[in-house]
>>> print(open('input_10.txt').read())   # compact mmCIF, C-alpha atoms (C1' of nucleotides)
# COMPACT_ATOMS: atom_id res chain seq x y z
CA MET A 1 42.30 109.86 155.74
CA ARG A 2 42.97 112.90 153.58
CA ILE A 3 45.53 112.96 150.78
CA ALA A 4 46.46 115.80 148.46
CA THR A 5 48.61 116.65 145.47
CA TRP A 6 50.06 120.09 144.80
CA ASN A 7 52.52 121.46 142.27
CA VAL A 8 54.03 124.18 144.46
CA ASN A 9 56.35 125.71 141.82
CA SER A 10 59.34 125.89 144.19
CA VAL A 11 58.96 124.60 147.73
CA GLY A 12 61.39 127.29 148.89
CA ALA A 13 59.40 130.16 147.47
CA ARG A 14 56.15 128.52 148.67
CA LEU A 15 57.22 127.39 152.15
CA GLU A 16 55.22 129.91 154.14
CA ARG A 17 52.07 129.18 152.15
CA LEU A 18 52.71 125.42 152.25
CA LEU A 19 53.01 125.35 156.04
CA ALA A 20 49.89 127.48 156.46
CA TRP A 21 47.99 125.25 154.03
CA LEU A 22 49.04 122.09 155.91
CA GLU A 23 47.91 123.54 159.22
CA LEU A 24 44.58 124.68 157.84
CA ASN A 25 43.69 121.59 155.78
CA GLN A 26 45.27 118.85 157.91
CA PRO A 27 46.09 116.39 155.11
CA ASP A 28 47.57 113.04 156.16
CA VAL A 29 49.62 112.58 152.99
CA VAL A 30 50.73 115.21 150.48
CA ALA A 31 52.49 114.75 147.14
CA LEU A 32 54.43 117.83 146.08
CA GLN A 33 55.78 118.60 142.62
CA GLU A 34 58.22 121.11 141.15
CA LEU A 35 60.30 121.41 144.30
CA LYS A 36 63.03 123.28 142.40
CA CYS A 37 65.58 122.25 145.02
CA THR A 38 67.88 119.32 145.78
CA SER A 39 66.78 116.48 148.05
CA GLU A 40 69.13 117.87 150.70
CA ALA A 41 67.72 121.38 150.45
CA PHE A 42 64.13 120.29 151.07
CA PRO A 43 62.76 122.08 154.17
CA THR A 44 62.42 118.83 156.08
CA LEU A 45 62.64 120.27 159.59
CA ALA A 46 59.83 122.74 158.94
CA VAL A 47 57.36 120.07 157.83
CA GLN A 48 58.57 117.58 160.46
CA ALA A 49 57.57 120.19 163.03
CA LEU A 50 53.99 119.74 161.81
CA GLY A 51 54.20 115.98 162.33
CA TYR A 52 55.11 114.79 158.84
CA GLU A 53 57.72 112.32 157.70
CA VAL A 54 59.39 113.33 154.45
CA ALA A 55 60.72 111.61 151.36
CA ALA A 56 62.11 114.05 148.79
CA LEU A 57 63.79 113.62 145.42
CA GLY A 58 65.25 116.68 143.76
CA THR A 59 68.30 117.72 141.78
CA GLY A 60 68.11 121.50 141.92
CA ARG A 61 66.77 124.10 139.62
CA TRP A 62 63.99 122.16 137.92
CA ASN A 63 61.50 119.38 138.65
CA GLY A 64 61.60 117.56 142.00
CA VAL A 65 58.96 115.55 143.88
CA ALA A 66 58.27 114.78 147.53
CA LEU A 67 55.88 112.90 149.76
CA LEU A 68 54.85 114.07 153.22
CA SER A 69 53.01 111.70 155.52
CA ARG A 70 51.81 111.64 159.10
CA VAL A 71 50.38 108.11 158.78
CA GLY A 72 53.63 106.30 158.09
CA LEU A 73 56.03 106.40 155.16
CA SER A 74 57.51 103.05 154.17
CA ASP A 75 58.77 101.21 151.09
CA VAL A 76 59.91 104.43 149.46
CA THR A 77 60.69 104.13 145.75
CA LEU A 78 62.62 106.83 143.89
CA GLY A 79 61.93 107.01 140.17
CA LEU A 80 60.26 104.62 137.72
CA GLN A 81 61.36 101.22 136.50
CA ASP A 82 63.38 101.70 133.29
CA GLN A 83 62.74 105.41 133.51
CA PRO A 84 63.83 107.18 130.31
CA GLN A 85 66.48 109.87 130.51
CA TYR A 86 66.30 113.34 129.02
CA GLU A 87 69.55 114.59 127.52
CA GLY A 88 71.44 111.97 129.52
CA ALA A 89 69.93 112.89 132.88
CA ASP A 90 67.65 110.98 135.25
CA GLU A 91 65.09 113.62 136.16
CA PRO A 92 63.36 113.59 139.56
CA ARG A 93 59.75 113.14 138.51
CA ALA A 94 58.35 110.18 140.45
CA ILE A 95 58.37 109.02 144.06
CA ALA A 96 56.31 106.41 145.86
CA ALA A 97 55.66 105.25 149.38
CA THR A 98 53.17 103.20 151.35
CA CYS A 99 51.31 105.48 153.77
CA GLY A 100 48.53 104.35 156.08
CA GLY A 101 47.89 101.23 154.01
CA VAL A 102 47.77 103.06 150.67
CA ARG A 103 50.43 102.85 147.97
CA ILE A 104 50.91 106.41 146.72
CA TRP A 105 52.85 107.55 143.67
CA GLY A 106 53.50 111.28 143.35
CA ILE A 107 54.42 112.28 139.81
CA TYR A 108 55.49 115.29 137.79
CA ALA A 109 55.16 114.37 134.13
CA PRO A 110 57.37 116.03 131.51
CA ASN A 111 55.83 119.05 129.82
CA GLY A 112 56.54 118.11 126.21
CA ARG A 113 57.14 121.71 125.10
CA GLU A 114 56.15 121.33 121.41
CA THR A 115 54.69 118.31 119.66
CA ASP A 116 57.73 118.07 117.36
CA HIS A 117 60.24 118.53 120.20
CA ASP A 118 62.38 115.75 121.66
CA HIS A 119 60.76 116.53 124.98
CA PHE A 120 57.39 115.43 123.62
CA ALA A 121 58.70 111.98 122.63
CA TYR A 122 60.34 111.83 126.06
CA LYS A 123 56.99 112.64 127.67
CA LEU A 124 55.33 109.70 125.90
CA ARG A 125 58.19 107.32 126.80
CA TRP A 126 57.98 108.51 130.40
CA PHE A 127 54.28 107.65 130.59
CA GLN A 128 55.04 104.18 129.19
CA ALA A 129 57.52 103.66 132.02
CA LEU A 130 54.96 104.92 134.53
CA ARG A 131 52.41 102.45 133.21
CA ALA A 132 54.86 99.52 133.32
CA THR A 133 55.89 100.42 136.87
CA ALA A 134 52.28 100.67 138.03
CA ALA A 135 51.28 97.46 136.25
CA ALA A 136 54.03 95.56 138.04
CA GLU A 137 52.93 96.86 141.44
CA LEU A 138 49.27 96.14 140.70
CA ALA A 139 50.10 92.58 139.72
CA ALA A 140 52.17 92.05 142.87
CA ALA A 141 49.52 93.45 145.23
CA PRO A 142 46.12 93.64 143.50
CA ASP A 143 44.16 94.29 146.70
CA LEU A 144 46.38 97.06 148.05
CA PRO A 145 44.85 100.49 147.42
CA LEU A 146 47.13 102.26 144.91
CA THR A 147 46.92 105.77 143.56
CA ILE A 148 48.97 107.90 141.18
CA ILE A 149 48.54 111.58 141.96
CA GLY A 150 50.30 114.60 140.59
CA ASP A 151 50.88 116.92 137.67
CA TYR A 152 50.21 114.79 134.59
CA ASN A 153 50.62 117.72 132.19
CA ILE A 154 47.72 116.32 130.15
CA ALA A 155 44.18 117.68 129.95
CA PRO A 156 41.99 114.55 129.72
CA THR A 157 39.19 116.13 127.63
CA ASP A 158 38.53 119.27 125.63
CA ALA A 159 36.41 120.54 128.53
CA ASP A 160 39.51 120.49 130.72
CA VAL A 161 40.94 123.63 129.08
CA TRP A 162 39.24 127.02 129.04
CA ASP A 163 39.13 127.24 125.24
CA ILE A 164 40.10 124.24 123.15
CA ALA A 165 40.37 126.48 120.07
CA LYS A 166 43.42 128.07 121.68
CA PHE A 167 45.14 124.68 121.86
CA VAL A 168 45.18 123.64 118.21
CA GLY A 169 48.57 122.03 117.62
CA SER A 170 49.58 122.36 121.27
CA THR A 171 50.83 119.81 123.74
CA HIS A 172 48.67 118.70 126.69
CA VAL A 173 45.60 118.00 124.53
CA THR A 174 46.88 115.68 121.79
CA ALA A 175 45.45 112.26 121.03
CA GLN A 176 48.87 110.75 121.72
CA GLU A 177 49.00 112.17 125.24
CA ARG A 178 45.38 111.26 125.98
CA ALA A 179 46.09 107.74 124.76
CA GLU A 180 48.57 107.43 127.63
CA LEU A 181 45.73 108.17 130.07
CA THR A 182 43.53 105.60 128.35
CA ALA A 183 46.39 103.13 128.65
CA LEU A 184 46.48 103.68 132.40
CA GLN A 185 42.82 102.69 132.48
CA SER A 186 43.66 99.52 130.57
CA ILE A 187 45.85 98.31 133.44
CA GLY A 188 43.03 98.76 135.95
CA LEU A 189 43.30 102.38 137.01
CA GLY A 190 40.26 104.65 137.06
CA GLU A 191 40.16 108.42 137.31
CA VAL A 192 38.86 110.18 140.41
CA LEU A 193 37.12 113.36 139.25
CA PRO A 194 37.20 116.30 141.67
CA ARG A 195 34.09 118.36 142.27
CA ALA A 196 34.09 121.44 140.06
CA LEU A 197 34.24 124.65 142.06
CA LYS A 198 33.16 128.08 140.81
CA GLY A 199 31.88 126.41 137.68
CA GLU A 200 35.32 125.42 136.45
CA PRO A 201 37.26 122.22 137.08
CA PHE A 202 40.75 123.61 136.54
CA THR A 203 43.88 123.04 138.61
CA PHE A 204 46.33 125.33 136.79
CA TRP A 205 46.15 128.93 135.67
CA ASP A 206 49.15 130.58 134.01
CA TYR A 207 50.72 133.51 135.85
CA ARG A 208 50.59 135.57 132.66
CA GLN A 209 47.71 137.72 131.44
CA ALA A 210 45.78 137.52 134.71
CA SER A 211 44.66 134.06 133.61
CA PHE A 212 43.19 133.13 136.97
CA GLY A 213 40.81 136.07 137.12
CA ARG A 214 39.74 135.40 133.53
CA GLY A 215 39.13 131.69 134.09
CA TRP A 216 41.85 130.73 131.62
CA GLY A 217 42.75 127.46 133.30
CA MET A 218 43.53 123.83 132.63
CA ARG A 219 42.86 120.60 134.54
CA ILE A 220 46.17 118.79 134.42
CA ASP A 221 46.67 117.69 138.05
CA LEU A 222 44.97 114.31 138.12
CA VAL A 223 44.15 111.36 140.34
CA TYR A 224 44.07 107.76 139.17
CA GLY A 225 43.63 104.70 141.35
CA ASN A 226 42.86 101.02 141.31
CA ALA A 227 39.43 99.78 142.40
CA ALA A 228 40.66 99.16 145.93
CA PHE A 229 41.51 102.86 146.07
CA THR A 230 38.61 104.48 144.22
CA SER A 231 36.09 102.50 146.30
CA LEU A 232 37.45 104.33 149.37
CA VAL A 233 37.01 107.85 147.96
CA SER A 234 34.38 109.88 149.81
CA ASP A 235 35.17 113.30 148.31
CA ALA A 236 37.58 115.01 145.94
CA TYR A 237 37.95 118.69 145.14
CA VAL A 238 40.30 121.38 143.92
CA ASP A 239 41.30 123.94 146.55
CA ARG A 240 40.82 126.86 144.19
CA GLU A 241 41.17 129.40 147.02
CA GLU A 242 44.87 128.56 147.30
CA ARG A 243 45.49 129.95 143.79
CA LYS A 244 44.44 133.43 144.97
CA GLY A 245 46.60 136.24 146.21
CA LYS A 246 50.22 137.26 146.23
CA GLY A 247 52.75 134.46 146.37
CA ALA A 248 50.46 131.69 145.09
CA SER A 249 51.67 128.73 143.05
CA ASP A 250 50.28 128.62 139.52
CA HIS A 251 48.68 125.27 140.46
CA ALA A 252 45.98 124.66 143.07
CA PRO A 253 46.02 121.62 145.38
CA VAL A 254 43.72 118.67 144.69
CA VAL A 255 42.36 117.06 147.86
CA ILE A 256 41.02 113.49 148.11
CA ASP A 257 39.21 112.21 151.18
CA LEU A 258 39.12 108.48 151.86
CA ASP A 259 36.91 106.37 154.10
CA LEU A 260 39.91 105.35 156.17
CA PRO A 261 40.70 106.40 159.73
C1' DA B 1 36.95 139.31 139.77
C1' DT B 2 41.13 138.81 144.42
C1' DG B 3 44.30 140.85 138.88
C1' DC B 4 47.50 141.71 133.37
C1' DC B 5 54.69 136.28 134.94
C1' DC B 6 57.30 133.62 138.14
C1' DT B 7 61.52 130.93 139.71
C1' DA B 8 66.50 129.58 140.40
C1' DT B 9 70.92 130.20 138.72
C1' DG B 10 78.47 129.92 138.75
C1' DA B 11 72.53 135.45 137.74
C1' DT B 12 72.71 141.58 135.87
C1' DA B 13 70.34 137.33 131.04
C1' DT B 14 68.51 132.81 130.43
C1' DA B 15 65.82 128.56 130.41
C1' DG B 16 61.72 126.47 131.52
C1' DG B 17 57.02 126.47 132.58
C1' DA B 18 52.16 124.70 129.71
>>> encode(input="input_10.txt", output="structure tokens")
Amino acid sequence: MRIATWNVNSVGARLERLLAWLELNQPDVVALQELKCTSEAFPTLAVQALGYEVAALGTGRWNGVALLSRVGLSDVTLGLQDQPQYEGADEPRAIAATCGGVRIWGIYAPNGRETDHDHFAYKLRWFQALRATAAAELAAAPDLPLTIIGDYNIAPTDADVWDIAKFVGSTHVTAQERAELTALQSIGLGEVLPRALKGEPFTFWDYRQASFGRGWGMRIDLVYGNAAFTSLVSDAYVDREERKGKGASDHAPVVIDLDLP
DNA sequence: ATGCCCTATGATATAGGA
């Protein structure tokens, strides 16, 4: 069984590349982030034609998450328990389903913007809600493989950005954000580290300043899972090739292969 | 090294991305 996570930066703008990527890579389950469309506007028919069931949660211009599965899609959950609001709105940033015997959460964590911005406090509260939601599911079904995949908007270590000196005072690398990752480990989730390709482990390269060609990347698309999940992992890697060329997302997909049929 | 921003919107500027 092959699962993947990919921040597509608009599923509408990326549809042609998404369909080609699905056909080439044959994932069984895919978590998508930054749909930038409403649930109704998701291109469901196009991905159904490739054999996938779809669960999508989007409100329009920003954010949005979806799960595609060709190994079943049941017990869909939209949003987190006690999910915090931002400026009075429930943002579409989390979706879960059980697919092929694996509980899969696809997430798009808030950016945070600046460390003194309201959005940063919101980001930390959001991770607390994610942790509480996951802890409740882990307690209810400890032996069910569970994974949380997606755009965490946190670089776990200094080596996960191209130059830590450029990030002094920035979001994505603070102790407070990294403490939220540590807290996920405290509830029984371990990180699955993808193989580094081309000597760099990154999953995101800004569109500006030809960052991809210069290697100015960050590893912020992450995979966590309980022991029942991580014990199944046979391979994990970043599909760096997908970041190349005209019309690419600014994020590359992360692929995880499991020892499951 | 695969290139010197991209996306959606009540659009012709703006907000957000990280």
>>> atom_distance(input="input_10.txt", atom1="atom CA of A:Ala165", atom2="atom CA of A:Glu242")
27.7 Å
>>> atom_distance(input="input_10.txt", atom1="atom CA of A:Leu18", atom2="atom CA of A:Tyr224")
23.6 Å
>>> atom_distance(input="input_10.txt", atom1="atom CA of A:Phe229", atom2="atom CA of A:Leu22")
22.9 Å
>>> closest_atom_pairs(input="input_10.txt", of="chain A", to="chain B", cutoff="7 Å", atoms="only C-alpha atoms (C1' of nucleotides)", output="tab-separated table")
residue	atom	partner	partner_atom	distance
A:Arg61	CA	B:DA8	C1'	5.5
A:Asn111	CA	B:DA18	C1'	6.7
A:Tyr207	CA	B:DC5	C1'	4.9
A:Arg208	CA	B:DC5	C1'	4.7
A:Gln209	CA	B:DC4	C1'	4.4
A:Ala210	CA	B:DC4	C1'	4.7
A:Gly213	CA	B:DA1	C1'	5.7
A:Lys244	CA	B:DT2	C1'	6.3
A:Gly245	CA	B:DT2	C1'	6.3
>>> residues_around(input="input_10.txt", residues="A:Thr77", least_positions_apart="4", cutoff="9 Å", atoms="all atoms listed in the file", output="PDB file with C-alpha atoms, in the coordinates of the input")
ATOM      1  CA  ALA A  94      58.350 110.180 140.450  1.00  0.00           C
ATOM      2  CA  ILE A  95      58.370 109.020 144.060  1.00  0.00           C
ATOM      3  CA  ALA A  96      56.310 106.410 145.860  1.00  0.00           C
ATOM      4  CA  ALA A  97      55.660 105.250 149.380  1.00  0.00           C
ATOM      5  CA  TRP A 105      52.850 107.550 143.670  1.00  0.00           C
TER       6      TRP A 105
END
